[in-house]
Amino acid sequence: MKAVNLKTEHLINPVGIDIKNPRLFWNCDGGITQTAYRIVAVSGGKTVWDSGKVLSGKMTTEYPEKPISRQRVEWSVTLWDENDNEGEKTSAFFETGLLSPYDFTAKWISGNYRVNKKIRYPVDCFKKVFSIGDIIKARLYITACGLYEAKINGVKAGNFCLAPGHTDYTKRIQLQSCDVTELIKAGENEITVELADGWYRGSCGAWGRKNQYGTQTKLYAQLELYGKDGKITAVNSDESWSWSDDGAIRFADNKDGEVVDARLFPSYRGKAKVVKEKVFPTSSNNVAVTEHETFKPTILKTPKGATVLDFGQNIAGYIAFTLNAKSGQTVKLRFGETFDESGEFTQKNIQCANKKRTKVTPLQQIIYTAKDGLNEYKTKFAIFGFQYALIETDIEFNPEDFTAIAVYSDMTETLKFNCSNNLINKFVESTRWSTKNNHADVPTDCPTRERHGWTGDAQIFVNTASYFFDYAAFARKYTADMCDGQRSNGKFRQITPKGGIDFYMNNMDGSAGWSDAGVLIPYRIYEKYGDRRILEENYDAMRRYAVYKIKTIGKHYLTGLPTGLKHKYRKMISNYGQSYGEWAEPVDVKAFAISDFICPHPEETTAYIVYMLEYMEKIASLLGKTEDAEYYKKYADITRVGYQHLVETEKNTLDTDRQAKLVRPLYLKLLNEKQTEFAKKRLIKALDNYGWRLGTGFLSTPFILYVLADIDIEYAYRLLLNEEMPGWLFMPKTGANTIWESWEGPKAQGGVASLDHYSKGAVCEWLFDTMCGIKVAGDRHFIIEPKVGGNIQFAECEYDSIYGKIASKWERKGDKVKYTITIPANTTAEVILLGTKQTLFAGNYEL
């Protein structure tokens with residue numbers, strides 16, 4: 001038996017982490033059960049920790065030594081199997097970054113100009129020339145308020161892009177640590193850095209608000225060179241760095257795009273200005289945003305003769321091209337998702353605009369002026385959501401001259417799925433793509449119009465995301481974002497990071513189902529990855545939120561509408577605070593009204609208080625906080641009683657065709673026995689009345705198949721297999737290759753709706769954990785309980801879990817079903833087939 005898939009803090013050989021006592025993870029390959037492990041950690045050629053032979057089956061442990069800045073630790077794992085046979089040693093490493101404020105020796109610098117926040121500026125260009133002898137190691141520690149790209153001797157430093165990523169820069173700035181040893185040569189060297197506005201000063205949010213985190217972009221760079229002679233030389237950003245803003249990129253905005261004049265080169269005739277920054281950078285301890293899949297286009301002609309590049313897949317990313325041109329010739333590219341009803345390219349579905357369209361955002365465009373000869377271009381400081389690019393140019397080109405590049409956080413893919421229904425397969429792949437397209441350091445709603453880190457989207461999707469990808473590190477970073485944004489009264493924000501939020505939306509912070517993400521996401525990551533630390537580190541923030549929500553129980557709110565409850569029971573519900581309610585139900589079920597923003601939603605709010613407090617009770621019990629657990633249970637019980645009386649009122653009756661009003665209490669188990677039975681029957685009637693199409697909105701769509709499967713598995717399959725609108729399979733049936741924001745797709749909201757939202761793809765969790773039956777159920781343990789149904793002939797899923805690769809497949813064989821199950825080494829699974837349970841150890845099984 002040997003250790004495989006070695007990771008440090010869910011990262012593969014990370015450079016620059018700053019986590020105290022990082023956790024080491026591995027899976028087992030070969031054998032049945034790990035009975036012991038030994039870890040040996042070496043740094044600088046010396047053993048710094050030897051665990052000895054530890055009699056344990058656990059596949060994780062903490063590195064116990066005190067962290068030291070800049071330390072590279074190579075750790076090896078040796079395992080013993082069930083027969084006490086010693087296995088082959090395998091190795092990995094991690095390297096710490098700058099851990100103390102005293103490690104930061106460079107200065108923050110900016111362009112040497114006075115900022116007028118109403119003006120957009122060209123990209124700043126910095127340069128430093130230095131000489132060095134032979135070296136054995138070089139590290140670049142670098143970050144910015146803005147977006148940067150660094151090069152050493154003309155070669156890009158680091159394989160990441162859109163750095164340093166998106167945070168609330170007033171609270172946390174992420175530091176990148178790069179191994180640049182191979183880029184340094186003996187003699188004269190040159191480091192250059194370009195600095196753009198990014199999220200810091202550029203467009204944020206639906207209306208592209210500027211200067212959300214500051215007005216002066218700035219750069220921090222600390223290059224450390226380790227000579228063969230033992231000398232350490234630092235090349236630090238300071239006032240000696242050359243600067244100018246007369247380079248090729250005349251305009252750069254992460255949403256609007258770039259304006260580039262390839263005939264221009266930076267003169268570096270000025271000097272950088274030293275500025276102050278009170279936030280010390282810290283590591284993201286997360287995967288970086290990197291380039292991924294590439295696509296070549298075909299050429300389309302619209303009815304009016306416009307030329308459009310079709311890349312065949314809706315992505316988030318940018319463009320690269322290579323063209324031969326004459327000086328002064330131009331290329332204009334506009335990026336979008338769809339065509340209008342007349343067959344012309346359009347961006348209107350992704351743009352916010354005033355009535356006269358004098359203010360329009362995002363532009364999603366590249367305007368490029370060529371130099372004479374060969375022109376090679378790739379976007380640096382913008383990212384777009386697109387499948388199509390409208391091109392206007394007088395330069396001759398071939399489609400192969402252009403490449404679309406998908407850009408997203410470098411999460412490891414962990415899931416394969418296939419079944420006999422090709423529309424389901426396409427829907428799963430569409431969901432996978434919408435996940436990729438909305439994970440550039442923050443889980444966003446869409447990669448086009450808003451690009452907001454909506455907490456509601458993130459919380460309903462986290463379980464699905466953690467099947468598709470190794471999501472633990474990404475979720476840790478986003479949890480830190482939520483805690484950064486927590487309001488002084490305990491509310492988590494509806495959107496985090498906060499940049500771009502319209503002022504009137506601040507009252508929506510605390511919204512039920514959205515702000516609860518601050519509790520729901522950490523707990524779900526704990527369940528999926530056994531990550532107790534994410535609960536420990538964020539418990540205080542979660543408790544403040546729980547206390548805030550408890551204080552809203554029975555509290556009056558100015559715009560709260562009468563509920564019909566007697567005074568006694570009004571004190572047991574929450575009719576307090578502006579919120580979104582169910583949100584985005586089909587328009588013929590519940591059309592949007594402005595009151596949906598202005599007034600509280602007592603049914604949804606009370607339901608989610610119970611739900612969140614039950615999670616908090618579990619978390620407190622797990623962490624040994626008994627008094628807190630009793631406190632949460634007390635108020636969960638009170639609000640459940642209030643909820644049961646609320647749904648007996650006329651306004652909130654269970655006798656309704658609104659599916660969400662039945663699905664939510666059934667899934668969250670909020671009802672008494674009599675109400676439960678009524679709600680189940682009424683849900684089936686509601687589905688009958690709606691032609692077995694989906695009538696749920698944002699919050700309840702992920703729940704509905706679980707509720708139906710609990711009634712009758714065939715009900716769940718009947719709804720899943722619906723191909724009409726509203727329905728999941730209607731999307732791929734019409735050719736969509738990503739998930740729509742609204743059930744109505746391109747025709748929703750007057751045509752203003754993104755075609756790349758992952759939220760409705762949250763149903764994929766049901767495909768993986770119920771159709772195929774794979775559930776992580778504890779430390780090194782799974783439950784395998786596949787549910788056969790509908791006209792599906794086979795279904796199979798393979799999941800690279802935190803404990804290893806587990807697979808489940810079923811296939812109809814006449815009137816029988818064949819089950820094939822693979823359980824990874826050093827784990828067990830409780831397999832439940834047709835109500836019969838058996839516990840199986842590692843191996844391959846046919847049942």
# chains A, B, ... in the order shown; residues from 1 in each chain; ligands from 1
$ residues_around --residues "A:Trp241" --least-positions-apart "5" --cutoff "6 Å" --atoms "only C-alpha atoms" --output "ChimeraX atom specification"
/A:127-128,271-272
$ write_last_selection --atoms "all heavy atoms" --output "PDB file, in the first residue's frame"
ATOM      1  N   LYS A 127       9.424  49.164 -14.210  1.00  0.00           N
ATOM      2  CA  LYS A 127      10.594  48.388 -14.592  1.00  0.00           C
ATOM      3  C   LYS A 127      11.721  48.612 -13.586  1.00  0.00           C
ATOM      4  O   LYS A 127      11.922  49.710 -13.072  1.00  0.00           O
ATOM      5  CB  LYS A 127      11.092  48.804 -15.992  1.00  0.00           C
ATOM      6  CG  LYS A 127      12.284  47.980 -16.473  1.00  0.00           C
ATOM      7  CD  LYS A 127      12.668  48.323 -17.911  1.00  0.00           C
ATOM      8  CE  LYS A 127      13.442  49.621 -17.995  1.00  0.00           C
ATOM      9  NZ  LYS A 127      14.029  49.823 -19.354  1.00  0.00           N
ATOM     10  N   LYS A 128      12.467  47.526 -13.358  1.00  0.00           N
ATOM     11  CA  LYS A 128      13.670  47.608 -12.545  1.00  0.00           C
ATOM     12  C   LYS A 128      14.735  46.723 -13.180  1.00  0.00           C
ATOM     13  O   LYS A 128      14.500  45.547 -13.450  1.00  0.00           O
ATOM     14  CB  LYS A 128      13.386  47.132 -11.115  1.00  0.00           C
ATOM     15  CG  LYS A 128      14.598  47.127 -10.198  1.00  0.00           C
ATOM     16  CD  LYS A 128      15.092  48.536  -9.894  1.00  0.00           C
ATOM     17  CE  LYS A 128      16.232  48.530  -8.885  1.00  0.00           C
ATOM     18  NZ  LYS A 128      16.716  49.896  -8.579  1.00  0.00           N
ATOM     19  N   LYS A 271       9.590  57.984 -12.696  1.00  0.00           N
ATOM     20  CA  LYS A 271       9.890  57.149 -11.539  1.00  0.00           C
ATOM     21  C   LYS A 271       8.610  56.843 -10.769  1.00  0.00           C
ATOM     22  O   LYS A 271       7.676  57.650 -10.733  1.00  0.00           O
ATOM     23  CB  LYS A 271      10.902  57.848 -10.602  1.00  0.00           C
ATOM     24  CG  LYS A 271      12.296  57.955 -11.177  1.00  0.00           C
ATOM     25  CD  LYS A 271      12.946  56.577 -11.333  1.00  0.00           C
ATOM     26  CE  LYS A 271      14.363  56.683 -11.858  1.00  0.00           C
ATOM     27  NZ  LYS A 271      14.991  55.351 -12.042  1.00  0.00           N
ATOM     28  N   ALA A 272       8.575  55.680 -10.179  1.00  0.00           N
ATOM     29  CA  ALA A 272       7.420  55.284  -9.382  1.00  0.00           C
ATOM     30  C   ALA A 272       7.307  56.162  -8.148  1.00  0.00           C
ATOM     31  O   ALA A 272       8.291  56.744  -7.675  1.00  0.00           O
ATOM     32  CB  ALA A 272       7.544  53.828  -8.974  1.00  0.00           C
TER      33      ALA A 272
END
$ select_by_dssp --residues "stretch 327-439 of chain A" --states "strand (DSSP E)" --output "ChimeraX atom specification"
/A:330-336,338-339,345-346,352-353,360-361,365-369,373-378,384-393,402-409,415-419
$ closest_residue --among "A:Gly158, A:Pro399, A:Gly111, A:Pro497" --to "A:Tyr268" --atoms "only C-alpha atoms"
A:Gly111
$ residues_around --residues "stretch 345-359 of chain A" --least-positions-apart "3" --cutoff "10 Å" --atoms "only C-alpha atoms" --output "number ranges by chain"
A: 206-208, 301-302, 306-308, 334-342, 362-364, 385-386, 388-390, 446-450, 745-755
$ closest_residue --among "A:Gly727, A:Pro602, A:Gly581, A:Gly804" --to "A:Ala660" --atoms "only C-alpha atoms"
A:Gly581
$ residues_around --residues "A:Ile550" --least-positions-apart "2" --cutoff "9 Å" --atoms "only C-alpha atoms" --output "number ranges by chain"
A: 545-548, 552-553, 574, 609, 613, 632, 635
$ residues_around --residues "stretch 644-659 of chain A" --least-positions-apart "4" --cutoff "8 Å" --atoms "only C-alpha atoms" --output "list in words"
Thr563, Gly564, Leu565, Tyr569, Ile573, Val589, Glu603, Arg640, Val663, Leu670, Leu671, Asn672, Phe678, Ala679, Arg682, Leu683, Lys685, Ala686, Leu687, Asn689, Gly695 and Thr696 of chain A
$ residues_around --residues "stretch 818-835 of chain A" --least-positions-apart "6" --cutoff "6 Å" --atoms "only C-alpha atoms" --output "PyMOL selection string"
chain A and resi 28+32-34+780-785+804-811+841-847
$ write_last_selection --atoms "N, CA, C and O atoms" --output "mmCIF file, in the first residue's frame"
data_model
loop_
_atom_site.group_PDB
_atom_site.id
_atom_site.type_symbol
_atom_site.label_atom_id
_atom_site.label_comp_id
_atom_site.auth_asym_id
_atom_site.auth_seq_id
_atom_site.Cartn_x
_atom_site.Cartn_y
_atom_site.Cartn_z
ATOM 1 N N CYS A 28 -5.069 6.214 -0.194
ATOM 2 C CA CYS A 28 -4.355 4.941 -0.211
ATOM 3 C C CYS A 28 -4.556 4.229 -1.542
ATOM 4 O O CYS A 28 -5.660 4.227 -2.092
ATOM 5 N N ILE A 32 -6.292 -3.195 1.525
ATOM 6 C CA ILE A 32 -7.657 -3.007 2.000
ATOM 7 C C ILE A 32 -7.729 -1.905 3.052
ATOM 8 O O ILE A 32 -8.529 -0.982 2.941
ATOM 9 N N THR A 33 -6.860 -2.008 4.050
ATOM 10 C CA THR A 33 -6.938 -1.089 5.184
ATOM 11 C C THR A 33 -5.549 -0.593 5.563
ATOM 12 O O THR A 33 -4.604 -1.384 5.667
ATOM 13 N N GLN A 34 -5.448 0.706 5.761
ATOM 14 C CA GLN A 34 -4.216 1.284 6.297
ATOM 15 C C GLN A 34 -4.224 1.089 7.809
ATOM 16 O O GLN A 34 -5.162 1.503 8.489
ATOM 17 N N ARG A 780 -13.684 8.388 6.253
ATOM 18 C CA ARG A 780 -13.363 7.182 5.488
ATOM 19 C C ARG A 780 -14.578 6.258 5.335
ATOM 20 O O ARG A 780 -14.436 5.039 5.300
ATOM 21 N N HIS A 781 -15.745 6.865 5.238
ATOM 22 C CA HIS A 781 -16.958 6.054 5.143
ATOM 23 C C HIS A 781 -17.954 6.680 4.168
ATOM 24 O O HIS A 781 -18.087 7.905 4.107
ATOM 25 N N PHE A 782 -18.629 5.826 3.413
ATOM 26 C CA PHE A 782 -19.613 6.261 2.434
ATOM 27 C C PHE A 782 -20.927 5.519 2.656
ATOM 28 O O PHE A 782 -20.957 4.441 3.249
ATOM 29 N N ILE A 783 -21.983 6.109 2.145
ATOM 30 C CA ILE A 783 -23.243 5.390 1.945
ATOM 31 C C ILE A 783 -23.469 5.308 0.441
ATOM 32 O O ILE A 783 -23.388 6.317 -0.266
ATOM 33 N N ILE A 784 -23.726 4.106 -0.046
ATOM 34 C CA ILE A 784 -24.032 3.887 -1.460
ATOM 35 C C ILE A 784 -25.478 3.383 -1.526
ATOM 36 O O ILE A 784 -25.767 2.266 -1.115
ATOM 37 N N GLU A 785 -26.373 4.241 -2.042
ATOM 38 C CA GLU A 785 -27.789 3.895 -2.092
ATOM 39 C C GLU A 785 -28.408 4.409 -3.395
ATOM 40 O O GLU A 785 -29.161 5.376 -3.391
ATOM 41 N N GLY A 804 -10.643 9.164 -1.524
ATOM 42 C CA GLY A 804 -10.287 8.317 -2.644
ATOM 43 C C GLY A 804 -11.425 8.197 -3.642
ATOM 44 O O GLY A 804 -12.535 8.695 -3.424
ATOM 45 N N LYS A 805 -11.169 7.501 -4.726
ATOM 46 C CA LYS A 805 -12.133 7.399 -5.822
ATOM 47 C C LYS A 805 -13.164 6.325 -5.541
ATOM 48 O O LYS A 805 -12.836 5.158 -5.377
ATOM 49 N N ILE A 806 -14.433 6.743 -5.537
ATOM 50 C CA ILE A 806 -15.536 5.814 -5.328
ATOM 51 C C ILE A 806 -16.432 5.858 -6.555
ATOM 52 O O ILE A 806 -16.622 6.912 -7.165
ATOM 53 N N ALA A 807 -16.976 4.720 -6.943
ATOM 54 C CA ALA A 807 -17.773 4.644 -8.162
ATOM 55 C C ALA A 807 -19.011 3.803 -7.923
ATOM 56 O O ALA A 807 -18.986 2.828 -7.170
ATOM 57 N N SER A 808 -20.090 4.221 -8.574
ATOM 58 C CA SER A 808 -21.347 3.496 -8.484
ATOM 59 C C SER A 808 -22.005 3.483 -9.854
ATOM 60 O O SER A 808 -22.121 4.525 -10.507
ATOM 61 N N LYS A 809 -22.439 2.312 -10.284
ATOM 62 C CA LYS A 809 -23.130 2.177 -11.570
ATOM 63 C C LYS A 809 -24.272 1.194 -11.416
ATOM 64 O O LYS A 809 -24.146 0.197 -10.710
ATOM 65 N N TRP A 810 -25.397 1.501 -12.042
ATOM 66 C CA TRP A 810 -26.468 0.519 -12.149
ATOM 67 C C TRP A 810 -26.940 0.434 -13.591
ATOM 68 O O TRP A 810 -26.861 1.392 -14.343
ATOM 69 N N GLU A 811 -27.403 -0.738 -13.960
ATOM 70 C CA GLU A 811 -27.828 -0.988 -15.333
ATOM 71 C C GLU A 811 -28.963 -2.009 -15.327
ATOM 72 O O GLU A 811 -28.872 -3.052 -14.688
ATOM 73 N N PHE A 841 -15.951 -3.454 2.413
ATOM 74 C CA PHE A 841 -14.624 -2.845 2.506
ATOM 75 C C PHE A 841 -14.119 -2.534 1.098
ATOM 76 O O PHE A 841 -14.816 -2.743 0.101
ATOM 77 N N ALA A 842 -12.913 -2.050 1.014
ATOM 78 C CA ALA A 842 -12.335 -1.652 -0.272
ATOM 79 C C ALA A 842 -12.366 -2.806 -1.265
ATOM 80 O O ALA A 842 -12.126 -3.965 -0.925
ATOM 81 N N GLY A 843 -12.676 -2.444 -2.521
ATOM 82 C CA GLY A 843 -12.696 -3.455 -3.572
ATOM 83 C C GLY A 843 -13.721 -3.149 -4.630
ATOM 84 O O GLY A 843 -14.418 -2.130 -4.587
ATOM 85 N N ASN A 844 -13.823 -4.029 -5.611
ATOM 86 C CA ASN A 844 -14.787 -3.916 -6.707
ATOM 87 C C ASN A 844 -15.872 -4.968 -6.527
ATOM 88 O O ASN A 844 -15.575 -6.143 -6.276
ATOM 89 N N TYR A 845 -17.120 -4.558 -6.678
ATOM 90 C CA TYR A 845 -18.234 -5.455 -6.399
ATOM 91 C C TYR A 845 -19.268 -5.393 -7.520
ATOM 92 O O TYR A 845 -19.551 -4.332 -8.077
ATOM 93 N N GLU A 846 -19.848 -6.527 -7.833
ATOM 94 C CA GLU A 846 -21.007 -6.609 -8.703
ATOM 95 C C GLU A 846 -22.136 -7.253 -7.916
ATOM 96 O O GLU A 846 -21.982 -8.346 -7.372
ATOM 97 N N LEU A 847 -23.247 -6.561 -7.835
ATOM 98 C CA LEU A 847 -24.342 -7.006 -6.957
ATOM 99 C C LEU A 847 -25.641 -7.055 -7.751
ATOM 100 O O LEU A 847 -25.828 -6.311 -8.705
#
$ residues_around --residues "A:Glu277" --least-positions-apart "5" --cutoff "10 Å" --atoms "only C-alpha atoms" --output "PyMOL selection string"
chain A and resi 107-109+145+170+218-220
$ closest_residue --among "A:Ala406, A:Ala473, A:Val180, A:Met482" --to "A:Tyr529" --atoms "only C-alpha atoms"
A:Ala473
$ select_by_dssp --residues "stretch 306-540 of chain A" --states "alpha helix (DSSP H)" --output "number ranges by chain"
A: 422-437, 455-468, 472-485, 517-529, 532-540
$ closest_residue --among "A:Thr403, A:Asn791, A:Gln71, A:Asn507" --to "A:Lys296" --atoms "only C-alpha atoms"
A:Thr403
$ atom_distance --atom1 "atom CA of A:Glu617" --atom2 "atom CA of A:Met59"
27.6 Å
